[in-house]
file my_file26.pdb (PDB, C-alpha atoms)
ATOM      1  CA  ASP A  77     -60.070 -22.645  20.440  1.00  0.00           C
ATOM      2  CA  ILE A  78     -58.626 -19.913  18.288  1.00  0.00           C
ATOM      3  CA  HIS A  79     -59.290 -22.130  15.276  1.00  0.00           C
ATOM      4  CA  ASN A  80     -63.046 -21.755  15.764  1.00  0.00           C
ATOM      5  CA  TYR A  81     -62.763 -17.965  15.936  1.00  0.00           C
ATOM      6  CA  TYR A  82     -60.778 -17.957  12.711  1.00  0.00           C
ATOM      7  CA  ILE A  83     -63.438 -20.065  10.970  1.00  0.00           C
ATOM      8  CA  LEU A  84     -66.214 -17.834  12.301  1.00  0.00           C
ATOM      9  CA  PHE A  85     -64.453 -14.645  11.166  1.00  0.00           C
ATOM     10  CA  PHE A  86     -63.623 -16.111   7.758  1.00  0.00           C
ATOM     11  CA  ASN A  87     -67.152 -17.399   7.146  1.00  0.00           C
ATOM     12  CA  VAL A  88     -68.791 -14.118   8.136  1.00  0.00           C
ATOM     13  CA  ILE A  89     -66.680 -12.239   5.571  1.00  0.00           C
ATOM     14  CA  ILE A  90     -67.278 -14.877   2.899  1.00  0.00           C
ATOM     15  CA  TYR A  91     -71.042 -15.046   3.340  1.00  0.00           C
ATOM     16  CA  PHE A  92     -71.617 -11.283   3.651  1.00  0.00           C
ATOM     17  CA  GLY A  93     -69.454 -10.829   0.556  1.00  0.00           C
ATOM     18  CA  PHE A  94     -71.507 -13.503  -1.205  1.00  0.00           C
ATOM     19  CA  ILE A  95     -74.780 -11.793  -0.383  1.00  0.00           C
ATOM     20  CA  TYR A  96     -73.452  -8.411  -1.557  1.00  0.00           C
ATOM     21  CA  GLY A  97     -71.978  -9.979  -4.704  1.00  0.00           C
ATOM     22  CA  PHE A  98     -75.246 -11.795  -5.345  1.00  0.00           C
ATOM     23  CA  LEU A  99     -77.182  -8.536  -5.132  1.00  0.00           C
ATOM     24  CA  LYS A 100     -74.706  -6.610  -7.325  1.00  0.00           C
ATOM     25  CA  ARG A 101     -74.088  -9.373  -9.882  1.00  0.00           C
ATOM     26  CA  PRO A 102     -74.435  -8.831 -13.645  1.00  0.00           C
ATOM     27  CA  LYS A 103     -78.065  -9.652 -14.379  1.00  0.00           C
ATOM     28  CA  ASN A 104     -77.915 -10.868 -17.992  1.00  0.00           C
ATOM     29  CA  ASN A 105     -74.933 -13.213 -17.861  1.00  0.00           C
ATOM     30  CA  PHE A 106     -75.729 -16.872 -18.583  1.00  0.00           C
ATOM     31  CA  ALA A 107     -72.606 -18.222 -16.854  1.00  0.00           C
ATOM     32  CA  VAL A 108     -73.442 -16.335 -13.665  1.00  0.00           C
ATOM     33  CA  GLN A 109     -76.989 -17.704 -13.736  1.00  0.00           C
ATOM     34  CA  VAL A 110     -75.717 -21.293 -14.166  1.00  0.00           C
ATOM     35  CA  ILE A 111     -73.279 -20.931 -11.267  1.00  0.00           C
ATOM     36  CA  LEU A 112     -76.037 -19.541  -9.046  1.00  0.00           C
ATOM     37  CA  LEU A 113     -78.361 -22.353 -10.044  1.00  0.00           C
ATOM     38  CA  TYR A 114     -75.698 -24.920  -9.111  1.00  0.00           C
ATOM     39  CA  ILE A 115     -75.025 -23.222  -5.758  1.00  0.00           C
ATOM     40  CA  LEU A 116     -78.715 -23.113  -4.860  1.00  0.00           C
ATOM     41  CA  TYR A 117     -79.222 -26.709  -6.012  1.00  0.00           C
ATOM     42  CA  ALA A 118     -76.258 -27.969  -3.978  1.00  0.00           C
ATOM     43  CA  ILE A 119     -77.289 -26.022  -0.878  1.00  0.00           C
ATOM     44  CA  GLY A 120     -80.829 -27.356  -1.233  1.00  0.00           C
ATOM     45  CA  LEU A 121     -79.657 -30.940  -1.513  1.00  0.00           C
ATOM     46  CA  VAL A 122     -77.362 -30.613   1.488  1.00  0.00           C
ATOM     47  CA  GLY A 123     -80.194 -28.996   3.439  1.00  0.00           C
ATOM     48  CA  LEU A 124     -82.608 -31.814   2.606  1.00  0.00           C
ATOM     49  CA  THR A 125     -80.203 -34.649   3.307  1.00  0.00           C
ATOM     50  CA  PHE A 126     -77.943 -35.627   6.166  1.00  0.00           C
ATOM     51  CA  ALA A 127     -76.174 -32.665   7.796  1.00  0.00           C
ATOM     52  CA  ASP A 128     -72.834 -33.636   9.270  1.00  0.00           C
ATOM     53  CA  TRP A 129     -71.421 -30.367  10.562  1.00  0.00           C
ATOM     54  CA  SER A 130     -67.888 -31.256   9.506  1.00  0.00           C
ATOM     55  CA  GLY A 131     -68.134 -29.043   6.431  1.00  0.00           C
ATOM     56  CA  ARG A 132     -67.346 -31.749   3.918  1.00  0.00           C
ATOM     57  CA  PHE A 133     -70.652 -31.238   2.123  1.00  0.00           C
ATOM     58  CA  SER A 134     -69.984 -27.546   1.562  1.00  0.00           C
ATOM     59  CA  LEU A 135     -66.651 -28.372  -0.058  1.00  0.00           C
ATOM     60  CA  TYR A 136     -68.266 -28.631  -3.482  1.00  0.00           C
ATOM     61  CA  PHE A 137     -69.966 -25.234  -3.645  1.00  0.00           C
ATOM     62  CA  LEU A 138     -67.734 -23.144  -1.356  1.00  0.00           C
ATOM     63  CA  PRO A 139     -65.321 -22.185  -4.188  1.00  0.00           C
ATOM     64  CA  LEU A 140     -68.265 -20.874  -6.192  1.00  0.00           C
ATOM     65  CA  ILE A 141     -69.479 -18.922  -3.189  1.00  0.00           C
ATOM     66  CA  MET A 142     -65.979 -17.467  -2.910  1.00  0.00           C
ATOM     67  CA  ILE A 143     -66.192 -16.254  -6.514  1.00  0.00           C
ATOM     68  CA  PHE A 144     -69.309 -14.221  -5.732  1.00  0.00           C
ATOM     69  CA  SER A 145     -67.834 -13.136  -2.427  1.00  0.00           C
ATOM     70  CA  SER A 146     -64.697 -11.784  -4.074  1.00  0.00           C
ATOM     71  CA  TYR A 147     -66.849  -9.981  -6.635  1.00  0.00           C
ATOM     72  CA  GLY A 148     -68.945  -8.470  -3.841  1.00  0.00           C
ATOM     73  CA  VAL A 149     -65.922  -7.371  -1.836  1.00  0.00           C
ATOM     74  CA  SER A 150     -64.270  -5.804  -4.895  1.00  0.00           C
ATOM     75  CA  VAL A 151     -67.468  -3.927  -5.841  1.00  0.00           C
ATOM     76  CA  PHE A 152     -67.819  -2.718  -2.251  1.00  0.00           C
ATOM     77  CA  VAL A 153     -64.201  -1.550  -2.030  1.00  0.00           C
ATOM     78  CA  ARG A 154     -64.475   0.182  -5.421  1.00  0.00           C
ATOM     79  CA  SER A 155     -67.610   2.017  -4.303  1.00  0.00           C
ATOM     80  CA  MET A 156     -65.942   3.089  -1.050  1.00  0.00           C
ATOM     81  CA  ILE A 157     -62.894   4.391  -2.942  1.00  0.00           C
ATOM     82  CA  LYS A 158     -65.173   6.279  -5.325  1.00  0.00           C
ATOM     83  CA  LYS A 159     -67.034   7.857  -2.387  1.00  0.00           C
ATOM     84  CA  THR A 160     -63.846   8.932  -0.629  1.00  0.00           C
ATOM     85  CA  MET A 161     -62.404  10.381  -3.837  1.00  0.00           C
ATOM     86  CA  SER A 162     -65.616  12.340  -4.528  1.00  0.00           C
ATOM     87  CA  ASN A 163     -65.638  13.690  -0.955  1.00  0.00           C
ATOM     88  CA  LYS A 164     -62.085  15.031  -1.323  1.00  0.00           C
ATOM     89  CA  SER A 165     -62.947  17.226  -4.297  1.00  0.00           C
TER      90      SER A 165
END
call {"tool": "encode", "arguments": {"input": "my_file26.pdb", "output": "structure tokens"}}
result
Amino acid sequence: DIHNYYILFFNVIIYFGFIYGFLKRPKNNFAVQVILLYILYAIGLVGLTFADWSGRFSLYFLPLIMIFSSYGVSVFVRSMIKKTMSNKS
């Protein structure tokens, strides 16, 4: 199904963006630390309990993962623009 390819493509972008955003996050921000704690707690609980691969358990922390993913993608794009602008001069 094309639907499965769309989900695979979308999730790869989201999770790579999350990892990059997690690594480049502001380090001394309390709100960011609380959000990360909630994400890790929720993922841990889902991992320890029943896993029904329908995705309904990830519904609660996926928006928070998208926040870090969008931050990671924007930092990555900004760095790429900065590199291309410095190469032109």
call {"tool": "resolve_selection", "arguments": {"input": "my_file26.pdb", "expression": "the PyMOL selection byres ((chain A and resi 142-152) around 9)", "output": "number ranges by chain"}}
result
A: 89-101, 137-141, 153-157
call {"tool": "atom_distance", "arguments": {"input": "my_file26.pdb", "atom1": "CA of Val122 in chain A", "atom2": "CA of Val108 in chain A"}}
result
21.2 Å
call {"tool": "atom_distance", "arguments": {"input": "my_file26.pdb", "atom1": "CA of Thr125 in chain A", "atom2": "CA of Leu113 in chain A"}}
result
18.2 Å
call {"tool": "atom_distance", "arguments": {"input": "my_file26.pdb", "atom1": "CA of Asn80 in chain A", "atom2": "CA of Tyr136 in chain A"}}
result
21.1 Å
call {"tool": "closest_residue", "arguments": {"input": "my_file26.pdb", "among": "A:Asn87, A:Thr160, A:Pro102, A:Ser134", "to": "Leu116 in chain A", "atoms": "only C-alpha atoms"}}
result
A:Ser134
call {"tool": "axis_aligned_box", "arguments": {"input": "my_file26.pdb", "around": "range 106-121 of chain A", "padding_each_side": "5 Å", "output": "AutoDock Vina command-line options"}}
result
--center_x -76.7 --center_y -23.6 --center_z -9.7 --size_x 18.2 --size_y 24.6 --size_z 27.7
